[in-house]
Amino acid sequence: MVAYWLKIVARARRHRREARQLAKLDRRMLADIGITRADVRDAFSEPFWEDPTALLRERAIERRMNRPVPRGQRASYPEYSVRRQSPVGPARHAV
């Protein structure tokens with residue numbers, strides 16, 4: 001049981017150390033990754049045992065999915081190969 005908890009604490013420390021490395025980057029470098037200073041602050045506000053890098057990864061993916069991609073580059077982004085339907089669209093039925 002003690003070994004299990006030591007492993008959890010070691011993993012939490014490793015994730016915090018990785019997130020601190022990201023916190024040292026400047027604003028432009030964070031933007032290249034797809035995160036902001038506010039995202040880094042939010043990640044460190046999580047409890048110690050939560051992985052701050054998981055939150056940063058989620059935020060980066062959210063921004064990447066919402067970013068418009070130029071028409072000619074869509075083939076190089078597999079997540080854009082499937083056309084997404086808008087949740088709110090024009091009605092297609094007769095009244």
# chains A, B, ... in the order shown; residues from 1 in each chain; ligands from 1

call {"tool": "residues_around", "arguments": {"residues": "stretch 32-46 of chain A", "least_positions_apart": "4", "cutoff": "9 Å", "atoms": "only C-alpha atoms", "output": "list in words"}}
result
Arg16, Ala19, Arg20, Leu22, Ala23, Asp26, Arg27, Arg28, Glu50, Asp51, Pro52, Thr53, Ala54, Leu55, Leu56, Arg57, Arg59, Ala60, Ile61, Glu62, Arg63 and Arg64 of chain A

call {"tool": "write_last_selection", "arguments": {"atoms": "N, CA and C atoms", "output": "mmCIF file, in the first residue's frame"}}
result
data_model
loop_
_atom_site.group_PDB
_atom_site.id
_atom_site.type_symbol
_atom_site.label_atom_id
_atom_site.label_comp_id
_atom_site.auth_asym_id
_atom_site.auth_seq_id
_atom_site.Cartn_x
_atom_site.Cartn_y
_atom_site.Cartn_z
ATOM 1 N N ARG A 16 3.876 17.868 -12.222
ATOM 2 C CA ARG A 16 4.036 19.265 -11.802
ATOM 3 C C ARG A 16 5.329 19.853 -12.357
ATOM 4 N N ALA A 19 4.827 20.655 -15.980
ATOM 5 C CA ALA A 19 3.996 21.852 -16.130
ATOM 6 C C ALA A 19 4.784 23.107 -15.778
ATOM 7 N N ARG A 20 5.685 23.019 -14.794
ATOM 8 C CA ARG A 20 6.522 24.183 -14.459
ATOM 9 C C ARG A 20 7.431 24.553 -15.628
ATOM 10 N N LEU A 22 6.620 24.266 -18.736
ATOM 11 C CA LEU A 22 5.753 25.018 -19.644
ATOM 12 C C LEU A 22 5.504 26.429 -19.127
ATOM 13 N N ALA A 23 5.397 26.592 -17.816
ATOM 14 C CA ALA A 23 5.140 27.908 -17.231
ATOM 15 C C ALA A 23 6.300 28.862 -17.469
ATOM 16 N N ASP A 26 7.502 31.790 -22.777
ATOM 17 C CA ASP A 26 6.852 33.087 -22.951
ATOM 18 C C ASP A 26 5.506 32.918 -23.662
ATOM 19 N N ARG A 27 4.759 34.008 -23.754
ATOM 20 C CA ARG A 27 3.404 33.995 -24.287
ATOM 21 C C ARG A 27 3.331 33.453 -25.710
ATOM 22 N N ARG A 28 4.276 33.841 -26.548
ATOM 23 C CA ARG A 28 4.259 33.400 -27.944
ATOM 24 C C ARG A 28 4.511 31.902 -28.065
ATOM 25 N N GLU A 50 -3.995 15.798 -9.008
ATOM 26 C CA GLU A 50 -4.483 15.903 -10.385
ATOM 27 C C GLU A 50 -3.320 16.257 -11.309
ATOM 28 N N ASP A 51 -3.359 15.740 -12.518
ATOM 29 C CA ASP A 51 -2.305 15.975 -13.504
ATOM 30 C C ASP A 51 -2.543 17.316 -14.193
ATOM 31 N N PRO A 52 -1.703 18.332 -13.951
ATOM 32 C CA PRO A 52 -1.916 19.631 -14.597
ATOM 33 C C PRO A 52 -1.682 19.570 -16.104
ATOM 34 N N THR A 53 -0.825 18.654 -16.559
ATOM 35 C CA THR A 53 -0.567 18.562 -17.994
ATOM 36 C C THR A 53 -1.782 18.022 -18.747
ATOM 37 N N ALA A 54 -2.640 17.256 -18.076
ATOM 38 C CA ALA A 54 -3.853 16.753 -18.731
ATOM 39 C C ALA A 54 -4.792 17.911 -19.067
ATOM 40 N N LEU A 55 -4.931 18.848 -18.142
ATOM 41 C CA LEU A 55 -5.773 20.022 -18.401
ATOM 42 C C LEU A 55 -5.193 20.855 -19.550
ATOM 43 N N LEU A 56 -3.887 21.037 -19.548
ATOM 44 C CA LEU A 56 -3.249 21.817 -20.610
ATOM 45 C C LEU A 56 -3.438 21.132 -21.971
ATOM 46 N N ARG A 57 -3.336 19.830 -21.983
ATOM 47 C CA ARG A 57 -3.538 19.076 -23.232
ATOM 48 C C ARG A 57 -4.964 19.254 -23.733
ATOM 49 N N ARG A 59 -7.044 21.744 -23.171
ATOM 50 C CA ARG A 59 -7.233 23.107 -23.670
ATOM 51 C C ARG A 59 -6.602 23.286 -25.046
ATOM 52 N N ALA A 60 -5.411 22.719 -25.238
ATOM 53 C CA ALA A 60 -4.740 22.846 -26.531
ATOM 54 C C ALA A 60 -5.548 22.150 -27.627
ATOM 55 N N ILE A 61 -6.100 20.990 -27.321
ATOM 56 C CA ILE A 61 -6.906 20.263 -28.309
ATOM 57 C C ILE A 61 -8.178 21.034 -28.627
ATOM 58 N N GLU A 62 -8.833 21.595 -27.603
ATOM 59 C CA GLU A 62 -10.038 22.394 -27.842
ATOM 60 C C GLU A 62 -9.751 23.548 -28.784
ATOM 61 N N ARG A 63 -8.655 24.246 -28.544
ATOM 62 C CA ARG A 63 -8.326 25.384 -29.408
ATOM 63 C C ARG A 63 -7.971 24.934 -30.816
ATOM 64 N N ARG A 64 -7.273 23.824 -30.925
ATOM 65 C CA ARG A 64 -6.891 23.324 -32.240
ATOM 66 C C ARG A 64 -8.126 22.940 -33.045
#

call {"tool": "closest_residue", "arguments": {"among": "A:Asn66, A:Leu30, A:Glu58, A:Trp49", "to": "A:Arg13", "atoms": "only C-alpha atoms"}}
result
A:Trp49

call {"tool": "atom_distance", "arguments": {"atom1": "atom CA of A:Arg14", "atom2": "atom CA of A:Pro47"}}
result
14.4 Å

call {"tool": "atom_distance", "arguments": {"atom1": "atom CA of A:Phe48", "atom2": "atom CA of A:Ala10"}}
result
11.2 Å

call {"tool": "atom_distance", "arguments": {"atom1": "atom CA of A:Met29", "atom2": "atom CA of A:Arg67"}}
result
17.1 Å
